[in-house]
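Take a look at the structure below.
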Amino acid sequence: MSKMNSDAGMPIAITLEPGTYFRCTCGNSQNLPFCDGSHQPGEGCPLRFEIKEKKKVYICSCGQSGKQPFCDGTCGVNL
Ligand code: FES
């Protein structure tokens, strides 16, 4: 997942409603951090994740988190 907007280096704080989401992993989406279907064959697949209840989440933008799609602090941010 190293192509996930690696220049950002900070998590994306966003409040999500319950539902299914697809995190863009190729960087081609015009709707980052979510997939818009712009990926090409061989560029990887979006990362599907579920949100059970409305909450604020921190989406990893550096690609180094061990808890994708969420930031785990590897980037150095103190959540
Ligand atoms: S943004 Fe990737 S670990 Fe924090």
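All residue names refer to the structure tokens as shown: chains lettered A, B, ... in order, residues numbered from 1 in each chain, ligands numbered from 1 in order.
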Residues within 6 Å of ligand 1 (only C-alpha atoms and all ligand atoms), as number ranges by chain?
A: 9-11, 60-65, 71-75
Take the residues just selected and output them with all heavy atoms as a compact mmCIF listing (two decimals), in the first residue's frame.
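The result, stored in selection22.txt:
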# COMPACT_ATOMS: atom_id res chain seq x y z
N GLY A 9 1.58 11.76 4.72
CA GLY A 9 2.25 11.47 5.96
C GLY A 9 1.46 11.73 7.23
O GLY A 9 2.00 11.65 8.31
N MET A 10 0.20 12.03 7.11
CA MET A 10 -0.64 12.25 8.28
C MET A 10 -1.96 11.56 8.03
O MET A 10 -2.42 11.45 6.90
CB MET A 10 -0.91 13.75 8.48
CG MET A 10 0.31 14.53 8.85
SD MET A 10 0.90 14.17 10.51
CE MET A 10 -0.37 14.93 11.49
N PRO A 11 -2.62 11.09 9.09
CA PRO A 11 -3.91 10.45 8.89
C PRO A 11 -4.98 11.46 8.47
O PRO A 11 -4.86 12.65 8.75
CB PRO A 11 -4.23 9.85 10.26
CG PRO A 11 -3.47 10.70 11.22
CD PRO A 11 -2.22 11.12 10.50
N CYS A 60 -5.25 6.05 7.40
CA CYS A 60 -3.81 6.14 7.12
C CYS A 60 -3.59 6.71 5.72
O CYS A 60 -4.22 6.28 4.76
CB CYS A 60 -3.17 4.76 7.22
SG CYS A 60 -1.45 4.69 6.72
N SER A 61 -2.71 7.68 5.61
CA SER A 61 -2.36 8.23 4.30
C SER A 61 -0.90 7.98 3.94
O SER A 61 -0.48 8.33 2.84
CB SER A 61 -2.66 9.73 4.26
OG SER A 61 -1.81 10.41 5.16
N CYS A 62 -0.14 7.38 4.87
CA CYS A 62 1.28 7.16 4.58
C CYS A 62 1.54 5.76 4.04
O CYS A 62 2.60 5.51 3.48
CB CYS A 62 2.13 7.41 5.82
SG CYS A 62 2.05 6.10 7.06
N GLY A 63 0.59 4.83 4.25
CA GLY A 63 0.75 3.47 3.76
C GLY A 63 1.57 2.58 4.68
O GLY A 63 1.80 1.42 4.35
N GLN A 64 1.99 3.05 5.85
CA GLN A 64 2.87 2.28 6.73
C GLN A 64 2.14 1.63 7.90
O GLN A 64 2.74 0.83 8.62
CB GLN A 64 3.98 3.19 7.27
CG GLN A 64 4.82 3.86 6.19
CD GLN A 64 5.44 2.85 5.23
OE1 GLN A 64 6.07 1.89 5.66
NE2 GLN A 64 5.23 3.05 3.96
N SER A 65 0.90 1.98 8.11
CA SER A 65 0.17 1.44 9.25
C SER A 65 0.00 -0.07 9.15
O SER A 65 -0.24 -0.61 8.07
CB SER A 65 -1.23 2.09 9.33
OG SER A 65 -2.00 1.47 10.34
N CYS A 71 -4.93 4.60 10.66
CA CYS A 71 -3.63 5.01 11.18
C CYS A 71 -3.37 4.31 12.50
O CYS A 71 -4.25 4.24 13.35
CB CYS A 71 -3.61 6.52 11.36
SG CYS A 71 -2.11 7.17 12.11
N ASP A 72 -2.16 3.80 12.70
CA ASP A 72 -1.78 3.19 13.98
C ASP A 72 -0.67 3.98 14.67
O ASP A 72 -0.10 3.51 15.65
CB ASP A 72 -1.37 1.73 13.79
CG ASP A 72 -0.08 1.57 13.01
OD1 ASP A 72 0.49 2.58 12.54
OD2 ASP A 72 0.37 0.42 12.87
N GLY A 73 -0.36 5.14 14.15
CA GLY A 73 0.65 5.99 14.78
C GLY A 73 2.06 5.78 14.25
O GLY A 73 2.99 6.48 14.67
N THR A 74 2.24 4.86 13.32
CA THR A 74 3.57 4.61 12.75
C THR A 74 4.14 5.88 12.11
O THR A 74 5.34 6.10 12.11
CB THR A 74 3.50 3.49 11.70
OG1 THR A 74 3.02 2.30 12.35
CG2 THR A 74 4.87 3.20 11.09
N CYS A 75 3.26 6.72 11.61
CA CYS A 75 3.67 7.97 10.95
C CYS A 75 4.23 8.98 11.95
O CYS A 75 4.81 9.99 11.55
CB CYS A 75 2.49 8.58 10.23
SG CYS A 75 1.09 8.93 11.32
I'd like to know which residues of chain A are strand (DSSP E) (by DSSP, run on the backbone); could you write them as an MDAnalysis selection string?
chainID A and resid 12:16 19:23 47:51 55:59
Show me, as a PyMOL selection string, the residues that have an atom within 12 Å of segment 20-26 of chain A when counting only C-alpha atoms, minus same-chain residues fewer than 4 positions from it.
chain A and resi 1-6+12+16+30-54+59-63+68-70
